[in-house]
>>> print(open('structure.cif').read())   # mmCIF, C-alpha atoms
data_data
loop_
_atom_site.label_atom_id
_atom_site.label_comp_id
_atom_site.auth_asym_id
_atom_site.auth_seq_id
_atom_site.Cartn_x
_atom_site.Cartn_y
_atom_site.Cartn_z
CA MET A 589 -0.10 -20.78 -8.38
CA LEU A 590 -0.93 -20.92 -4.69
CA TYR A 591 -4.38 -20.43 -3.19
CA PHE A 592 -5.44 -19.99 0.46
CA ALA A 593 -8.85 -21.56 1.22
CA TYR A 594 -10.74 -20.82 4.43
CA GLY A 595 -14.35 -21.81 3.70
CA SER A 596 -15.89 -24.74 1.88
CA ASN A 597 -12.75 -25.08 -0.26
CA LEU A 598 -10.99 -26.48 2.81
CA ASN A 599 -12.89 -29.66 2.02
CA HIS A 600 -10.49 -32.02 0.23
CA HIS A 601 -13.18 -34.09 -1.50
CA GLN A 602 -14.83 -30.97 -2.87
CA MET A 603 -11.58 -29.42 -4.10
CA LYS A 604 -9.81 -32.53 -5.45
CA ASN A 605 -12.78 -34.45 -6.88
CA ILE A 606 -15.41 -31.88 -7.82
CA ARG A 607 -14.25 -28.29 -8.07
CA CYS A 608 -10.56 -28.30 -9.02
CA ILE A 609 -9.66 -31.80 -10.17
CA GLY A 610 -5.89 -32.16 -10.02
CA SER A 611 -5.38 -29.44 -7.40
CA LYS A 612 -2.84 -30.32 -4.73
CA TYR A 613 -3.28 -29.75 -1.00
CA LEU A 614 0.03 -28.45 0.39
CA LYS A 615 -0.53 -27.65 4.06
CA THR A 616 -2.64 -26.07 6.74
CA PHE A 617 -1.95 -22.42 7.44
CA PHE A 618 -3.23 -19.79 9.87
CA LEU A 619 -3.67 -16.34 8.29
CA LYS A 620 -2.90 -13.78 10.97
CA ASP A 621 -4.89 -10.64 11.71
CA TYR A 622 -8.12 -11.86 10.06
CA LYS A 623 -11.31 -13.31 11.52
CA LEU A 624 -14.02 -15.49 9.98
CA LEU A 625 -17.59 -14.36 9.50
CA PHE A 626 -20.47 -15.28 7.22
CA CYS A 627 -22.15 -12.83 4.89
CA HIS A 628 -23.73 -12.28 1.48
CA PRO A 629 -23.57 -9.29 -0.91
CA ASN A 630 -27.37 -9.38 -1.35
CA LYS A 631 -29.24 -8.06 1.69
CA LEU A 632 -32.29 -10.16 0.79
CA ASN A 633 -30.39 -13.45 0.65
CA LYS A 634 -31.31 -15.72 3.57
CA TYR A 635 -27.87 -17.29 4.10
CA GLY A 636 -24.29 -16.13 4.25
CA TYR A 637 -21.05 -17.69 3.13
CA ALA A 638 -17.55 -17.67 4.55
CA ASN A 639 -15.66 -14.41 4.47
CA ILE A 640 -12.75 -12.95 6.35
CA VAL A 641 -12.16 -9.46 7.64
CA LYS A 642 -9.11 -7.85 9.15
CA LYS A 643 -8.90 -8.11 12.92
CA LYS A 644 -5.61 -7.57 14.69
CA GLY A 645 -4.66 -10.45 16.94
CA SER A 646 -7.04 -12.97 15.31
CA LYS A 647 -6.12 -15.78 12.97
CA ILE A 648 -8.02 -17.86 10.43
CA PRO A 649 -7.32 -21.55 9.91
CA GLY A 650 -7.13 -22.51 6.27
CA ALA A 651 -5.38 -24.60 3.66
CA ILE A 652 -2.86 -23.74 1.00
CA TRP A 653 -3.53 -25.41 -2.34
CA GLU A 654 -1.49 -25.54 -5.51
CA ILE A 655 -3.84 -24.77 -8.40
CA THR A 656 -3.54 -24.15 -12.14
CA GLU A 657 -4.80 -21.17 -14.16
CA LYS A 658 -7.74 -23.37 -15.22
CA HIS A 659 -8.55 -24.01 -11.55
CA GLU A 660 -8.35 -20.28 -10.85
CA LYS A 661 -10.95 -19.61 -13.58
CA ILE A 662 -13.21 -22.31 -12.07
CA LEU A 663 -12.84 -20.72 -8.62
CA ASP A 664 -13.48 -17.26 -10.09
CA ARG A 665 -16.84 -18.48 -11.41
CA TYR A 666 -17.69 -20.31 -8.17
CA GLU A 667 -16.79 -17.29 -5.99
CA GLU A 668 -18.57 -14.93 -8.42
CA PHE A 669 -15.38 -12.91 -8.93
CA PRO A 670 -15.37 -9.92 -9.18
CA LYS A 671 -19.06 -9.29 -8.37
CA SER A 672 -19.22 -10.98 -4.94
CA TYR A 673 -15.65 -11.82 -3.97
CA GLN A 674 -12.49 -9.95 -4.84
CA LYS A 675 -8.95 -11.32 -4.90
CA GLU A 676 -6.25 -10.36 -2.45
CA TYR A 677 -2.76 -11.70 -1.91
CA PHE A 678 -0.18 -12.32 0.77
CA TYR A 679 3.35 -13.67 0.64
CA LEU A 680 4.67 -16.71 2.47
CA ASN A 681 8.36 -17.56 2.19
CA GLY A 682 8.58 -15.31 -0.87
CA LYS A 683 5.66 -17.01 -2.66
CA LYS A 684 2.52 -15.09 -3.63
CA ILE A 685 -0.71 -16.66 -2.35
CA MET A 686 -4.15 -15.63 -3.59
CA PHE A 687 -7.36 -15.65 -1.54
CA TYR A 688 -10.92 -14.38 -2.02
CA ILE A 689 -12.62 -11.81 0.18
CA MET A 690 -15.98 -10.00 0.11
CA ASN A 691 -15.44 -6.31 0.73
CA ASN A 692 -19.14 -5.34 0.79
CA CYS A 693 -21.64 -7.71 2.31
CA PHE A 694 -24.40 -8.21 4.85
CA ASN A 695 -23.68 -10.55 7.75
CA LYS A 696 -25.92 -13.62 7.57
CA LYS A 697 -26.11 -16.99 9.27
CA PRO A 698 -24.77 -19.83 7.08
CA PRO A 699 -26.82 -22.94 6.24
CA LYS A 700 -25.99 -25.99 8.39
CA SER A 701 -25.00 -28.03 5.32
CA TYR A 702 -22.38 -25.40 4.45
CA ILE A 703 -20.96 -25.45 7.99
CA ASP A 704 -20.75 -29.26 7.77
CA ILE A 705 -18.66 -28.99 4.57
CA ILE A 706 -16.31 -26.54 6.30
CA LYS A 707 -16.04 -28.77 9.38
CA ASP A 708 -15.15 -31.72 7.15
CA GLY A 709 -12.47 -29.50 5.62
CA TYR A 710 -11.04 -28.81 9.08
CA LYS A 711 -10.94 -32.55 9.70
CA ASN A 712 -9.12 -33.01 6.37
CA GLY A 713 -6.34 -30.83 7.81
CA ARG A 714 -4.84 -34.03 9.19
CA GLY A 715 -5.29 -33.04 12.79
CA SER A 716 -3.71 -29.62 12.35
CA PHE A 717 -6.99 -27.92 13.19
CA LYS A 718 -8.81 -28.22 16.45
CA ILE A 719 -12.52 -27.52 16.30
CA ARG A 720 -13.68 -26.05 19.59
CA GLY A 721 -17.43 -26.23 19.78
CA GLU A 722 -19.29 -24.61 16.94
CA ILE A 723 -17.69 -22.44 14.29
CA ASN A 724 -18.01 -18.88 15.55
CA ILE A 725 -20.81 -17.22 13.61
CA GLU A 726 -21.02 -13.46 13.79
CA GLN A 727 -24.30 -12.02 12.73
CA THR A 728 -25.42 -8.42 12.73
CA LYS A 729 -28.10 -6.53 10.88
CA ASN A 730 -25.66 -4.01 9.41
CA LYS A 731 -23.82 -4.05 6.15
CA THR A 732 -20.16 -4.91 6.53
CA LYS A 733 -17.83 -2.63 4.61
CA HIS A 734 -14.19 -3.62 4.65
CA ALA A 735 -11.44 -1.17 3.83
CA HIS A 736 -8.00 -2.39 2.85
#
>>> encode(input="structure.cif", output="structure tokens")
Amino acid sequence: MLYFAYGSNLNHHQMKNIRCIGSKYLKTFFLKDYKLLFCHPNKLNKYGYANIVKKKGSKIPGAIWEITEKHEKILDRYEEFPKSYQKEYFYLNGKKIMFYIMNNCFNKKPPKSYIDIIKDGYKNGRGSFKIRGEINIEQTKNKTKHAH
């Protein structure tokens, strides 16, 4: 199966050697009409984690991975599916690609160590990503509710 990663799972070392041993990086990909933000489903949590929300005209850099059903179960546990993240899908060249998204969360600033993992993942994109300054971090006090 195919999986689109946009957060810490962009990091090749983390995906290939720790989280989903045997997964295969296929290519970089920009998901259109989404933007990156950081949030957490628990209002009291100090930090947020990567999430995407629909935004016309925006695009999210990410990576497409080939994973097994076993890898999907590992990712489900890591992403706290279905409690925190839910699964959504898009099609690319007729192939179904899964990604995780939080539909109800509070925008929070991410920890620096988490941003560093994501930045390393962008660098793993073999030059396909250009990091311009800091990763854009949107933070508000309100709960984000995403309708699809």
>>> closest_residue(input="structure.cif", among="A:Tyr702, A:Tyr679, A:Tyr622, A:Phe694", to="Pro649 in chain A", atoms="all atoms listed in the file")
A:Tyr622
>>> resolve_selection(input="structure.cif", expression="the PyMOL selection byres ((chain A and resi 593) around 8)", output="PDB file with C-alpha atoms, keeping the file's coordinate frame")
ATOM      1  CA  TYR A 591      -4.380 -20.430  -3.190  1.00  0.00           C
ATOM      2  CA  PHE A 592      -5.440 -19.990   0.460  1.00  0.00           C
ATOM      3  CA  TYR A 594     -10.740 -20.820   4.430  1.00  0.00           C
ATOM      4  CA  GLY A 595     -14.350 -21.810   3.700  1.00  0.00           C
ATOM      5  CA  SER A 596     -15.890 -24.740   1.880  1.00  0.00           C
ATOM      6  CA  ASN A 597     -12.750 -25.080  -0.260  1.00  0.00           C
ATOM      7  CA  LEU A 598     -10.990 -26.480   2.810  1.00  0.00           C
ATOM      8  CA  GLY A 650      -7.130 -22.510   6.270  1.00  0.00           C
ATOM      9  CA  ALA A 651      -5.380 -24.600   3.660  1.00  0.00           C
ATOM     10  CA  ILE A 652      -2.860 -23.740   1.000  1.00  0.00           C
ATOM     11  CA  TRP A 653      -3.530 -25.410  -2.340  1.00  0.00           C
ATOM     12  CA  PHE A 687      -7.360 -15.650  -1.540  1.00  0.00           C
TER      13      PHE A 687
END
>>> residues_near_point(input="structure.cif", point="(7.5, -22.8, -9.9)", cutoff="12 Å", atoms="all atoms listed in the file", output="NGL selection string")
:A and (589-590 or 654-656 or 682-684)
>>> resolve_selection(input="structure.cif", expression="the PyMOL selection byres ((chain A and resi 636-646) around 8)", output="JSON, numbers by chain")
{"A": [594, 595, 596, 620, 621, 622, 623, 624, 625, 626, 627, 628, 633, 634, 635, 647, 648, 689, 690, 694, 695, 696, 697, 698, 699, 702, 734]}
>>> atom_distance(input="structure.cif", atom1="CA of Glu657 in chain A", atom2="CA of Lys615 in chain A")
19.8 Å
>>> atom_distance(input="structure.cif", atom1="CA of Lys631 in chain A", atom2="CA of Glu660 in chain A")
27.3 Å
>>> resolve_selection(input="structure.cif", expression="the PyMOL selection byres ((chain A and resi 599) around 8)", output="PyMOL selection string")
chain A and resi 596-598+600-603+705-706+708-710+712
>>> atom_distance(input="structure.cif", atom1="CA of Ile609 in chain A", atom2="CA of Leu663 in chain A")
11.6 Å
>>> closest_residue(input="structure.cif", among="A:Asn681, A:Thr616, A:Gln674, A:Asn630", to="Lys711 in chain A", atoms="all atoms listed in the file")
A:Thr616
>>> axis_aligned_box(input="structure.cif", around="range 677-685 of chain A", padding_each_side="6 Å", output="lines of an AutoDock Vina configuration file")
center_x = 2.9
center_y = -14.6
center_z = -0.6
size_x = 23.3
size_y = 17.9
size_z = 18.1
>>> closest_residue(input="structure.cif", among="A:Lys707, A:Lys700, A:His659, A:Lys675", to="Lys612 in chain A", atoms="all atoms listed in the file")
A:His659
>>> build_atoms(input="structure.cif", residues="range 637-666 of chain A", atoms="N, CA and C atoms", output="short mmCIF file (atom, residue, chain, number, x, y, z; two decimals), in the coordinates of the input")
data_model
loop_
_atom_site.label_atom_id
_atom_site.label_comp_id
_atom_site.auth_asym_id
_atom_site.auth_seq_id
_atom_site.Cartn_x
_atom_site.Cartn_y
_atom_site.Cartn_z
N TYR A 637 -22.15 -16.79 3.43
CA TYR A 637 -21.05 -17.69 3.13
C TYR A 637 -19.78 -17.16 3.75
N ALA A 638 -18.79 -18.02 3.85
CA ALA A 638 -17.55 -17.67 4.55
C ALA A 638 -16.89 -16.43 3.95
N ASN A 639 -16.42 -15.60 4.84
CA ASN A 639 -15.66 -14.41 4.47
C ASN A 639 -14.70 -14.11 5.60
N ILE A 640 -13.68 -13.37 5.31
CA ILE A 640 -12.75 -12.95 6.35
C ILE A 640 -12.61 -11.44 6.33
N VAL A 641 -12.39 -10.89 7.50
CA VAL A 641 -12.16 -9.46 7.64
C VAL A 641 -10.95 -9.26 8.54
N LYS A 642 -10.28 -8.14 8.35
CA LYS A 642 -9.11 -7.85 9.15
C LYS A 642 -9.49 -7.66 10.61
N LYS A 643 -8.74 -8.30 11.49
CA LYS A 643 -8.90 -8.11 12.92
C LYS A 643 -7.58 -8.44 13.59
N LYS A 644 -6.93 -7.41 14.07
CA LYS A 644 -5.61 -7.57 14.69
C LYS A 644 -5.69 -8.56 15.85
N GLY A 645 -4.74 -9.47 15.87
CA GLY A 645 -4.66 -10.45 16.94
C GLY A 645 -5.44 -11.73 16.68
N SER A 646 -6.29 -11.76 15.66
CA SER A 646 -7.04 -12.97 15.31
C SER A 646 -6.26 -13.77 14.28
N LYS A 647 -6.70 -14.99 14.05
CA LYS A 647 -6.12 -15.78 12.97
C LYS A 647 -7.16 -16.74 12.42
N ILE A 648 -7.07 -17.00 11.14
CA ILE A 648 -8.02 -17.86 10.43
C ILE A 648 -7.33 -19.14 10.01
N PRO A 649 -7.89 -20.29 10.41
CA PRO A 649 -7.32 -21.55 9.91
C PRO A 649 -7.75 -21.76 8.46
N GLY A 650 -6.83 -22.25 7.66
CA GLY A 650 -7.13 -22.51 6.27
C GLY A 650 -6.17 -23.52 5.68
N ALA A 651 -6.23 -23.66 4.37
CA ALA A 651 -5.38 -24.60 3.66
C ALA A 651 -4.75 -23.89 2.47
N ILE A 652 -3.52 -24.25 2.20
CA ILE A 652 -2.86 -23.74 1.00
C ILE A 652 -2.88 -24.85 -0.04
N TRP A 653 -3.40 -24.49 -1.21
CA TRP A 653 -3.53 -25.41 -2.34
C TRP A 653 -2.65 -24.93 -3.49
N GLU A 654 -2.14 -25.87 -4.25
CA GLU A 654 -1.49 -25.54 -5.51
C GLU A 654 -2.54 -25.76 -6.59
N ILE A 655 -2.82 -24.69 -7.36
CA ILE A 655 -3.84 -24.77 -8.40
C ILE A 655 -3.26 -24.27 -9.72
N THR A 656 -3.94 -24.60 -10.81
CA THR A 656 -3.54 -24.15 -12.14
C THR A 656 -4.35 -22.91 -12.52
N GLU A 657 -4.01 -22.31 -13.66
CA GLU A 657 -4.80 -21.17 -14.16
C GLU A 657 -6.24 -21.61 -14.46
N LYS A 658 -6.39 -22.83 -14.96
CA LYS A 658 -7.74 -23.37 -15.22
C LYS A 658 -8.53 -23.46 -13.92
N HIS A 659 -7.89 -23.95 -12.85
CA HIS A 659 -8.55 -24.01 -11.55
C HIS A 659 -8.94 -22.62 -11.07
N GLU A 660 -8.06 -21.65 -11.28
CA GLU A 660 -8.35 -20.28 -10.85
C GLU A 660 -9.61 -19.77 -11.55
N LYS A 661 -9.75 -20.05 -12.84
CA LYS A 661 -10.95 -19.61 -13.58
C LYS A 661 -12.20 -20.30 -13.03
N ILE A 662 -12.08 -21.58 -12.67
CA ILE A 662 -13.21 -22.31 -12.07
C ILE A 662 -13.59 -21.67 -10.74
N LEU A 663 -12.58 -21.37 -9.91
CA LEU A 663 -12.84 -20.72 -8.62
C LEU A 663 -13.42 -19.33 -8.80
N ASP A 664 -12.93 -18.59 -9.81
CA ASP A 664 -13.48 -17.26 -10.09
C ASP A 664 -14.98 -17.34 -10.34
N ARG A 665 -15.40 -18.33 -11.13
CA ARG A 665 -16.84 -18.48 -11.41
C ARG A 665 -17.59 -18.87 -10.13
N TYR A 666 -17.04 -19.84 -9.39
CA TYR A 666 -17.69 -20.31 -8.17
C TYR A 666 -17.83 -19.18 -7.14
#
